$ cat my_file13.pdb   # PDB, C-alpha atoms and all ligand atoms
ATOM      1  CA  MET A1022      12.048 -55.518  13.669  1.00  0.00           C
ATOM      2  CA  THR A1023      15.825 -55.089  13.462  1.00  0.00           C
ATOM      3  CA  ASP A1024      16.869 -58.630  14.383  1.00  0.00           C
ATOM      4  CA  CYS A1025      14.432 -60.557  12.181  1.00  0.00           C
ATOM      5  CA  LEU A1026      15.701 -62.502   9.163  1.00  0.00           C
ATOM      6  CA  PHE A1027      12.537 -62.027   7.128  1.00  0.00           C
ATOM      7  CA  CYS A1028      12.304 -58.306   7.974  1.00  0.00           C
ATOM      8  CA  LYS A1029      15.845 -58.062   6.571  1.00  0.00           C
ATOM      9  CA  ILE A1030      14.676 -59.789   3.376  1.00  0.00           C
ATOM     10  CA  VAL A1031      11.813 -57.268   3.116  1.00  0.00           C
ATOM     11  CA  ALA A1032      14.335 -54.454   3.624  1.00  0.00           C
ATOM     12  CA  LYS A1033      16.597 -56.060   0.948  1.00  0.00           C
ATOM     13  CA  GLU A1034      19.431 -56.305   3.471  1.00  0.00           C
ATOM     14  CA  ILE A1035      19.543 -60.081   2.818  1.00  0.00           C
ATOM     15  CA  PRO A1036      19.064 -61.416  -0.722  1.00  0.00           C
ATOM     16  CA  ALA A1037      16.168 -63.673  -1.641  1.00  0.00           C
ATOM     17  CA  THR A1038      14.689 -65.010  -4.849  1.00  0.00           C
ATOM     18  CA  VAL A1039      11.440 -63.059  -4.906  1.00  0.00           C
ATOM     19  CA  VAL A1040       8.712 -64.635  -7.026  1.00  0.00           C
ATOM     20  CA  HIS A1041       5.680 -62.513  -6.104  1.00  0.00           C
ATOM     21  CA  GLU A1042       5.089 -59.171  -4.412  1.00  0.00           C
ATOM     22  CA  THR A1043       2.118 -57.025  -3.470  1.00  0.00           C
ATOM     23  CA  ALA A1044       1.921 -53.807  -1.465  1.00  0.00           C
ATOM     24  CA  ARG A1045       1.664 -55.805   1.765  1.00  0.00           C
ATOM     25  CA  THR A1046       3.148 -59.249   0.996  1.00  0.00           C
ATOM     26  CA  LEU A1047       6.351 -60.757  -0.325  1.00  0.00           C
ATOM     27  CA  ALA A1048       6.953 -64.292  -1.622  1.00  0.00           C
ATOM     28  CA  PHE A1049      10.400 -65.811  -2.106  1.00  0.00           C
ATOM     29  CA  ARG A1050      11.900 -69.255  -2.602  1.00  0.00           C
ATOM     30  CA  ASP A1051      12.829 -71.252   0.490  1.00  0.00           C
ATOM     31  CA  VAL A1052      16.634 -71.726   0.686  1.00  0.00           C
ATOM     32  CA  ASN A1053      16.155 -75.365   1.697  1.00  0.00           C
ATOM     33  CA  PRO A1054      13.297 -76.537  -0.533  1.00  0.00           C
ATOM     34  CA  GLN A1055      11.303 -79.579   0.535  1.00  0.00           C
ATOM     35  CA  ALA A1056       9.420 -79.890  -2.766  1.00  0.00           C
ATOM     36  CA  PRO A1057       9.949 -78.745  -6.378  1.00  0.00           C
ATOM     37  CA  THR A1058       7.884 -75.684  -5.493  1.00  0.00           C
ATOM     38  CA  HIS A1059       8.661 -74.351  -2.013  1.00  0.00           C
ATOM     39  CA  VAL A1060       7.916 -70.671  -1.628  1.00  0.00           C
ATOM     40  CA  LEU A1061       7.480 -68.655   1.561  1.00  0.00           C
ATOM     41  CA  VAL A1062       4.793 -65.955   1.616  1.00  0.00           C
ATOM     42  CA  ILE A1063       5.083 -63.305   4.307  1.00  0.00           C
ATOM     43  CA  PRO A1064       3.405 -60.071   5.265  1.00  0.00           C
ATOM     44  CA  LYS A1065       5.927 -57.242   4.940  1.00  0.00           C
ATOM     45  CA  GLY A1066       5.087 -56.162   8.480  1.00  0.00           C
ATOM     46  CA  HIS A1067       6.392 -58.183  11.400  1.00  0.00           C
ATOM     47  CA  TYR A1068       3.975 -60.568  13.140  1.00  0.00           C
ATOM     48  CA  GLU A1069       5.296 -63.486  15.144  1.00  0.00           C
ATOM     49  CA  ASN A1070       2.926 -66.167  13.892  1.00  0.00           C
ATOM     50  CA  ALA A1071      -0.375 -66.783  12.102  1.00  0.00           C
ATOM     51  CA  ALA A1072      -2.474 -66.288  15.236  1.00  0.00           C
ATOM     52  CA  VAL A1073      -0.881 -62.923  16.021  1.00  0.00           C
ATOM     53  CA  LEU A1074      -1.290 -61.873  12.377  1.00  0.00           C
ATOM     54  CA  ALA A1075      -4.982 -62.786  12.245  1.00  0.00           C
ATOM     55  CA  GLU A1076      -5.617 -60.981  15.524  1.00  0.00           C
ATOM     56  CA  ALA A1077      -3.582 -57.855  14.757  1.00  0.00           C
ATOM     57  CA  ASP A1078      -4.537 -56.850  11.226  1.00  0.00           C
ATOM     58  CA  ASP A1079      -7.940 -57.616   9.782  1.00  0.00           C
ATOM     59  CA  GLY A1080      -7.506 -58.562   6.143  1.00  0.00           C
ATOM     60  CA  LEU A1081      -3.754 -59.099   6.053  1.00  0.00           C
ATOM     61  CA  ALA A1082      -4.046 -62.862   6.651  1.00  0.00           C
ATOM     62  CA  ASP A1083      -6.428 -62.893   3.664  1.00  0.00           C
ATOM     63  CA  ASP A1084      -3.788 -61.091   1.609  1.00  0.00           C
ATOM     64  CA  VAL A1085      -1.191 -63.716   2.547  1.00  0.00           C
ATOM     65  CA  LEU A1086      -3.541 -66.554   1.517  1.00  0.00           C
ATOM     66  CA  LYS A1087      -4.430 -64.820  -1.745  1.00  0.00           C
ATOM     67  CA  ALA A1088      -0.719 -64.356  -2.461  1.00  0.00           C
ATOM     68  CA  ALA A1089      -0.118 -68.053  -1.661  1.00  0.00           C
ATOM     69  CA  ASP A1090      -2.700 -69.038  -4.265  1.00  0.00           C
ATOM     70  CA  ALA A1091      -1.265 -66.569  -6.784  1.00  0.00           C
ATOM     71  CA  VAL A1092       2.155 -68.165  -6.274  1.00  0.00           C
ATOM     72  CA  ALA A1093       0.685 -71.663  -6.769  1.00  0.00           C
ATOM     73  CA  VAL A1094      -0.961 -70.551 -10.020  1.00  0.00           C
ATOM     74  CA  GLN A1095       2.232 -68.833 -11.179  1.00  0.00           C
ATOM     75  CA  GLU A1096       4.309 -71.931 -10.331  1.00  0.00           C
ATOM     76  CA  GLY A1097       1.880 -74.171 -12.229  1.00  0.00           C
ATOM     77  CA  VAL A1098       0.939 -76.326  -9.228  1.00  0.00           C
ATOM     78  CA  ALA A1099      -2.538 -74.974  -8.443  1.00  0.00           C
ATOM     79  CA  GLU A1100      -4.425 -77.448 -10.578  1.00  0.00           C
ATOM     80  CA  ALA A1101      -2.595 -80.580  -9.401  1.00  0.00           C
ATOM     81  CA  GLY A1102      -2.740 -79.428  -5.787  1.00  0.00           C
ATOM     82  CA  TYR A1103      -0.510 -77.710  -3.307  1.00  0.00           C
ATOM     83  CA  ARG A1104      -0.171 -77.331   0.434  1.00  0.00           C
ATOM     84  CA  VAL A1105      -0.076 -74.172   2.556  1.00  0.00           C
ATOM     85  CA  VAL A1106       1.541 -74.632   5.966  1.00  0.00           C
ATOM     86  CA  PHE A1107       1.932 -72.206   8.855  1.00  0.00           C
ATOM     87  CA  ASN A1108       4.236 -73.806  11.410  1.00  0.00           C
ATOM     88  CA  THR A1109       3.220 -72.147  14.661  1.00  0.00           C
ATOM     89  CA  GLY A1110       5.480 -72.497  17.677  1.00  0.00           C
ATOM     90  CA  PRO A1111       8.658 -74.511  18.313  1.00  0.00           C
ATOM     91  CA  GLN A1112       7.005 -77.932  18.636  1.00  0.00           C
ATOM     92  CA  ALA A1113       5.475 -77.459  15.185  1.00  0.00           C
ATOM     93  CA  GLY A1114       8.918 -76.681  13.779  1.00  0.00           C
ATOM     94  CA  GLN A1115       8.685 -72.898  13.548  1.00  0.00           C
ATOM     95  CA  THR A1116      12.238 -71.570  13.412  1.00  0.00           C
ATOM     96  CA  VAL A1117      11.700 -68.068  12.021  1.00  0.00           C
ATOM     97  CA  PHE A1118       9.332 -66.009  14.135  1.00  0.00           C
ATOM     98  CA  HIS A1119       8.015 -63.775  11.369  1.00  0.00           C
ATOM     99  CA  VAL A1120       4.844 -65.440  10.126  1.00  0.00           C
ATOM    100  CA  HIS A1121       5.262 -67.224   6.816  1.00  0.00           C
ATOM    101  CA  ALA A1122       3.104 -69.526   4.721  1.00  0.00           C
ATOM    102  CA  HIS A1123       5.029 -72.383   3.164  1.00  0.00           C
ATOM    103  CA  VAL A1124       3.593 -73.050  -0.318  1.00  0.00           C
ATOM    104  CA  LEU A1125       4.578 -76.587  -1.312  1.00  0.00           C
ATOM    105  CA  GLY A1126       3.815 -78.425  -4.511  1.00  0.00           C
ATOM    106  CA  GLY A1127       5.122 -80.178  -7.560  1.00  0.00           C
ATOM    107  CA  ARG A1128       5.191 -83.677  -6.070  1.00  0.00           C
ATOM    108  CA  ASP A1129       2.890 -86.029  -4.156  1.00  0.00           C
ATOM    109  CA  LEU A1130       2.575 -84.623  -0.635  1.00  0.00           C
ATOM    110  CA  HIS A1131       2.047 -87.234   2.053  1.00  0.00           C
ATOM    111  CA  TRP A1132      -0.592 -86.924   4.740  1.00  0.00           C
ATOM    112  CA  PRO A1133      -0.284 -86.738   7.669  1.00  0.00           C
ATOM    113  CA  PRO A1134       2.977 -84.798   7.491  1.00  0.00           C
ATOM    114  CA  GLY A1135       5.762 -85.780   9.886  1.00  0.00           C
TER     115      GLY A1135
HETATM  116  P1  LIG B1201       9.822 -72.594   9.719  1.00  0.00           P
HETATM  117  O1  LIG B1201      10.715 -73.719  10.171  1.00  0.00           O
HETATM  118  O2  LIG B1201       8.389 -72.990   9.489  1.00  0.00           O
HETATM  119  O3  LIG B1201       9.954 -71.392  10.648  1.00  0.00           O
HETATM  120  O4  LIG B1201      10.357 -72.156   8.298  1.00  0.00           O
HETATM  121  C1  LIG B1201      11.452 -71.326   8.106  1.00  0.00           C
HETATM  122  C2  LIG B1201      11.907 -71.553   6.708  1.00  0.00           C
HETATM  123  O5  LIG B1201      12.728 -70.489   6.323  1.00  0.00           O
HETATM  124  C3  LIG B1201      12.710 -72.841   6.500  1.00  0.00           C
HETATM  125  O6  LIG B1201      12.040 -73.682   5.564  1.00  0.00           O
HETATM  126  C4  LIG B1201      14.053 -72.342   5.988  1.00  0.00           C
HETATM  127  O7  LIG B1201      14.609 -73.190   5.009  1.00  0.00           O
HETATM  128  C5  LIG B1201      13.682 -70.988   5.428  1.00  0.00           C
HETATM  129  N1  LIG B1201      14.758 -70.027   5.384  1.00  0.00           N
HETATM  130  C6  LIG B1201      15.665 -69.741   6.340  1.00  0.00           C
HETATM  131  N2  LIG B1201      16.472 -68.748   5.951  1.00  0.00           N
HETATM  132  C7  LIG B1201      16.060 -68.379   4.699  1.00  0.00           C
HETATM  133  C8  LIG B1201      16.497 -67.401   3.761  1.00  0.00           C
HETATM  134  N3  LIG B1201      17.534 -66.576   4.022  1.00  0.00           N
HETATM  135  N4  LIG B1201      15.844 -67.307   2.576  1.00  0.00           N
HETATM  136  C9  LIG B1201      14.818 -68.137   2.304  1.00  0.00           C
HETATM  137  N5  LIG B1201      14.357 -69.073   3.154  1.00  0.00           N
HETATM  138  C10 LIG B1201      14.971 -69.191   4.343  1.00  0.00           C
END

$ encode --input "my_file13.pdb" --output "structure tokens"
Amino acid sequence: MTDCLFCKIVAKEIPATVVHETARTLAFRDVNPQAPTHVLVIPKGHYENAAVLAEADDGLADDVLKAADAVAVQEGVAEAGYRVVFNTGPQAGQTVFHVHAHVLGGRDLHWPPG
């Protein structure tokens, strides 16, 4: 998609701090981190949200979750615990409409979130 921020990161038209990459996923640091570890994991292909992704490509949502765990292990937060969040829709706070898993860790994470 030409007008999508995260598609531009995949295409390397916009810089990002990439921490993990597979054939079908990319993980990079959030520019406005909410925790010591705050990484976004995306499929390289464009899907608007988690529901569309799960419906459209069997197995790709699995790849995103596996990449999220790989990032947590790599960042050293897997053992203590980390959170994976898919904001879905405007009322949930989704601002970029290319599905992304927020991987958050490195501090106590409150529940329920705000
Ligand atoms: P959401 O609000 O769930 O759609 O999350 C979008 C996230 O993308 C926010 O946490 C932003 O801080 C993050 N973000 C926006 N632009 C960039 C960028 N150029 N590189 C990395 N993260 C970004």

$ atom_distance --input "my_file13.pdb" --atom1 "atom C1 of ligand LIG 1201 (chain B)" --atom2 "CA of Asp1051 in chain A"
7.7 Å

$ axis_aligned_box --input "my_file13.pdb" --around "range 1114-1127 of chain A" --padding-each-side "3 Å" --output "JSON"
{"center_x": 7.7, "center_y": -72.0, "center_z": 3.3, "size_x": 15.1, "size_y": 22.4, "size_z": 27.7}

$ resolve_selection --input "my_file13.pdb" --expression "the PyMOL selection byres (((chain A and resi 1074) around 12) and not hetatm)" --output "VMD selection string"
chain A and resid 1063 to 1073 1075 to 1085 1107 1109 1118 to 1122

$ atom_distance --input "my_file13.pdb" --atom1 "CA of Thr1058 in chain A" --atom2 "CA of His1123 in chain A"
9.7 Å

$ closest_residue --input "my_file13.pdb" --among "A:Val1117, A:Val1105, A:Ala1032, A:Leu1130" --to "ligand LIG 1201 (chain B)" --atoms "all atoms listed in the file"
A:Val1117

$ resolve_selection --input "my_file13.pdb" --expression "the PyMOL selection byres (((not hetatm)) within 7 of (chain B and resi 1201))" --output "list in words"
Leu1026, Ile1035, Ala1037, Phe1049, Arg1050, Asp1051, Val1052, Asn1053, Pro1054, Phe1107, Asn1108, Gly1114, Gln1115, Thr1116, Val1117 and Phe1118 of chain A

$ resolve_selection --input "my_file13.pdb" --expression "the PyMOL selection byres (((chain A and resi 1041) around 9) and not hetatm)" --output "PyMOL selection string"
chain A and resi 1039-1040+1042-1043+1046-1049+1062+1088+1091-1092+1095

$ closest_residue --input "my_file13.pdb" --among "A:Thr1023, A:Ile1030, A:Trp1132, A:Ala1044" --to "Arg1104 in chain A" --atoms "all atoms listed in the file"
A:Trp1132

$ closest_residue --input "my_file13.pdb" --among "A:Leu1086, A:Ala1093, A:Val1098, A:Leu1061" --to "Arg1128 in chain A" --atoms "only C-alpha atoms"
A:Val1098

$ atom_distance --input "my_file13.pdb" --atom1 "CA of Gly1110 in chain A" --atom2 "CA of Val1094 in chain A"
28.5 Å

$ decode --input "my_file13.pdb" --residues "range 1110-1121 of chain A" --atoms "all heavy atoms" --output "PDB file, in the first residue's frame"
ATOM      1  N   GLY A1110      -8.985  -1.003  15.873  1.00  0.00           N
ATOM      2  CA  GLY A1110     -10.024  -0.004  15.717  1.00  0.00           C
ATOM      3  C   GLY A1110      -9.720   1.250  16.528  1.00  0.00           C
ATOM      4  O   GLY A1110      -8.982   1.216  17.505  1.00  0.00           O
ATOM      5  N   PRO A1111     -10.323   2.375  16.116  1.00  0.00           N
ATOM      6  CA  PRO A1111     -10.021   3.675  16.729  1.00  0.00           C
ATOM      7  C   PRO A1111     -10.306   3.731  18.232  1.00  0.00           C
ATOM      8  O   PRO A1111      -9.528   4.309  18.989  1.00  0.00           O
ATOM      9  CB  PRO A1111     -10.931   4.651  15.970  1.00  0.00           C
ATOM     10  CG  PRO A1111     -11.295   3.953  14.712  1.00  0.00           C
ATOM     11  CD  PRO A1111     -11.246   2.490  14.975  1.00  0.00           C
ATOM     12  N   GLN A1112     -11.386   3.132  18.691  1.00  0.00           N
ATOM     13  CA  GLN A1112     -11.712   3.244  20.120  1.00  0.00           C
ATOM     14  C   GLN A1112     -10.712   2.477  20.983  1.00  0.00           C
ATOM     15  O   GLN A1112     -10.551   2.773  22.165  1.00  0.00           O
ATOM     16  CB  GLN A1112     -13.142   2.765  20.399  1.00  0.00           C
ATOM     17  CG  GLN A1112     -13.620   3.239  21.774  1.00  0.00           C
ATOM     18  CD  GLN A1112     -15.107   3.104  21.980  1.00  0.00           C
ATOM     19  OE1 GLN A1112     -15.773   2.272  21.337  1.00  0.00           O
ATOM     20  NE2 GLN A1112     -15.661   3.905  22.865  1.00  0.00           N
ATOM     21  N   ALA A1113     -10.023   1.528  20.392  1.00  0.00           N
ATOM     22  CA  ALA A1113      -8.978   0.792  21.112  1.00  0.00           C
ATOM     23  C   ALA A1113      -7.626   1.491  21.001  1.00  0.00           C
ATOM     24  O   ALA A1113      -6.635   1.011  21.535  1.00  0.00           O
ATOM     25  CB  ALA A1113      -8.871  -0.628  20.578  1.00  0.00           C
ATOM     26  N   GLY A1114      -7.585   2.600  20.258  1.00  0.00           N
ATOM     27  CA  GLY A1114      -6.346   3.359  20.154  1.00  0.00           C
ATOM     28  C   GLY A1114      -5.508   3.030  18.937  1.00  0.00           C
ATOM     29  O   GLY A1114      -4.355   3.452  18.851  1.00  0.00           O
ATOM     30  N   GLN A1115      -6.070   2.268  17.985  1.00  0.00           N
ATOM     31  CA  GLN A1115      -5.287   1.975  16.780  1.00  0.00           C
ATOM     32  C   GLN A1115      -5.142   3.252  15.952  1.00  0.00           C
ATOM     33  O   GLN A1115      -6.147   3.910  15.633  1.00  0.00           O
ATOM     34  CB  GLN A1115      -5.956   0.877  15.934  1.00  0.00           C
ATOM     35  CG  GLN A1115      -5.077   0.446  14.754  1.00  0.00           C
ATOM     36  CD  GLN A1115      -5.665  -0.723  13.950  1.00  0.00           C
ATOM     37  OE1 GLN A1115      -6.788  -1.170  14.202  1.00  0.00           O
ATOM     38  NE2 GLN A1115      -4.907  -1.189  12.972  1.00  0.00           N
ATOM     39  N   THR A1116      -3.898   3.600  15.659  1.00  0.00           N
ATOM     40  CA  THR A1116      -3.637   4.816  14.878  1.00  0.00           C
ATOM     41  C   THR A1116      -2.960   4.508  13.544  1.00  0.00           C
ATOM     42  O   THR A1116      -2.997   5.321  12.629  1.00  0.00           O
ATOM     43  CB  THR A1116      -2.731   5.793  15.665  1.00  0.00           C
ATOM     44  OG1 THR A1116      -1.509   5.128  15.999  1.00  0.00           O
ATOM     45  CG2 THR A1116      -3.419   6.285  16.926  1.00  0.00           C
ATOM     46  N   VAL A1117      -2.320   3.342  13.462  1.00  0.00           N
ATOM     47  CA  VAL A1117      -1.697   2.928  12.202  1.00  0.00           C
ATOM     48  C   VAL A1117      -2.435   1.682  11.734  1.00  0.00           C
ATOM     49  O   VAL A1117      -2.465   0.659  12.446  1.00  0.00           O
ATOM     50  CB  VAL A1117      -0.190   2.623  12.390  1.00  0.00           C
ATOM     51  CG1 VAL A1117       0.424   2.152  11.073  1.00  0.00           C
ATOM     52  CG2 VAL A1117       0.546   3.863  12.908  1.00  0.00           C
ATOM     53  N   PHE A1118      -3.019   1.774  10.548  1.00  0.00           N
ATOM     54  CA  PHE A1118      -3.913   0.703  10.092  1.00  0.00           C
ATOM     55  C   PHE A1118      -3.192  -0.298   9.193  1.00  0.00           C
ATOM     56  O   PHE A1118      -3.654  -0.631   8.100  1.00  0.00           O
ATOM     57  CB  PHE A1118      -5.181   1.323   9.485  1.00  0.00           C
ATOM     58  CG  PHE A1118      -6.015   1.957  10.574  1.00  0.00           C
ATOM     59  CD1 PHE A1118      -5.758   3.259  10.989  1.00  0.00           C
ATOM     60  CD2 PHE A1118      -6.979   1.229  11.253  1.00  0.00           C
ATOM     61  CE1 PHE A1118      -6.475   3.831  12.037  1.00  0.00           C
ATOM     62  CE2 PHE A1118      -7.702   1.788  12.301  1.00  0.00           C
ATOM     63  CZ  PHE A1118      -7.445   3.086  12.693  1.00  0.00           C
ATOM     64  N   HIS A1119      -2.050  -0.730   9.696  1.00  0.00           N
ATOM     65  CA  HIS A1119      -1.297  -1.890   9.192  1.00  0.00           C
ATOM     66  C   HIS A1119      -1.056  -2.703  10.459  1.00  0.00           C
ATOM     67  O   HIS A1119      -0.368  -2.228  11.379  1.00  0.00           O
ATOM     68  CB  HIS A1119       0.022  -1.421   8.564  1.00  0.00           C
ATOM     69  CG  HIS A1119       0.895  -2.515   8.003  1.00  0.00           C
ATOM     70  ND1 HIS A1119       1.490  -2.443   6.756  1.00  0.00           N
ATOM     71  CD2 HIS A1119       1.304  -3.691   8.534  1.00  0.00           C
ATOM     72  CE1 HIS A1119       2.232  -3.530   6.545  1.00  0.00           C
ATOM     73  NE2 HIS A1119       2.137  -4.307   7.620  1.00  0.00           N
ATOM     74  N   VAL A1120      -1.637  -3.885  10.516  1.00  0.00           N
ATOM     75  CA  VAL A1120      -1.647  -4.643  11.774  1.00  0.00           C
ATOM     76  C   VAL A1120      -0.248  -4.733  12.383  1.00  0.00           C
ATOM     77  O   VAL A1120       0.742  -4.956  11.693  1.00  0.00           O
ATOM     78  CB  VAL A1120      -2.264  -6.054  11.577  1.00  0.00           C
ATOM     79  CG1 VAL A1120      -1.490  -6.894  10.586  1.00  0.00           C
ATOM     80  CG2 VAL A1120      -2.390  -6.768  12.911  1.00  0.00           C
ATOM     81  N   HIS A1121      -0.209  -4.529  13.693  1.00  0.00           N
ATOM     82  CA  HIS A1121       1.064  -4.605  14.412  1.00  0.00           C
ATOM     83  C   HIS A1121       0.814  -5.122  15.814  1.00  0.00           C
ATOM     84  O   HIS A1121      -0.146  -4.720  16.472  1.00  0.00           O
ATOM     85  CB  HIS A1121       1.767  -3.243  14.469  1.00  0.00           C
ATOM     86  CG  HIS A1121       0.873  -2.111  14.889  1.00  0.00           C
ATOM     87  ND1 HIS A1121      -0.032  -1.533  14.023  1.00  0.00           N
ATOM     88  CD2 HIS A1121       0.732  -1.477  16.070  1.00  0.00           C
ATOM     89  CE1 HIS A1121      -0.686  -0.580  14.658  1.00  0.00           C
ATOM     90  NE2 HIS A1121      -0.254  -0.529  15.913  1.00  0.00           N
TER      91      HIS A1121
END
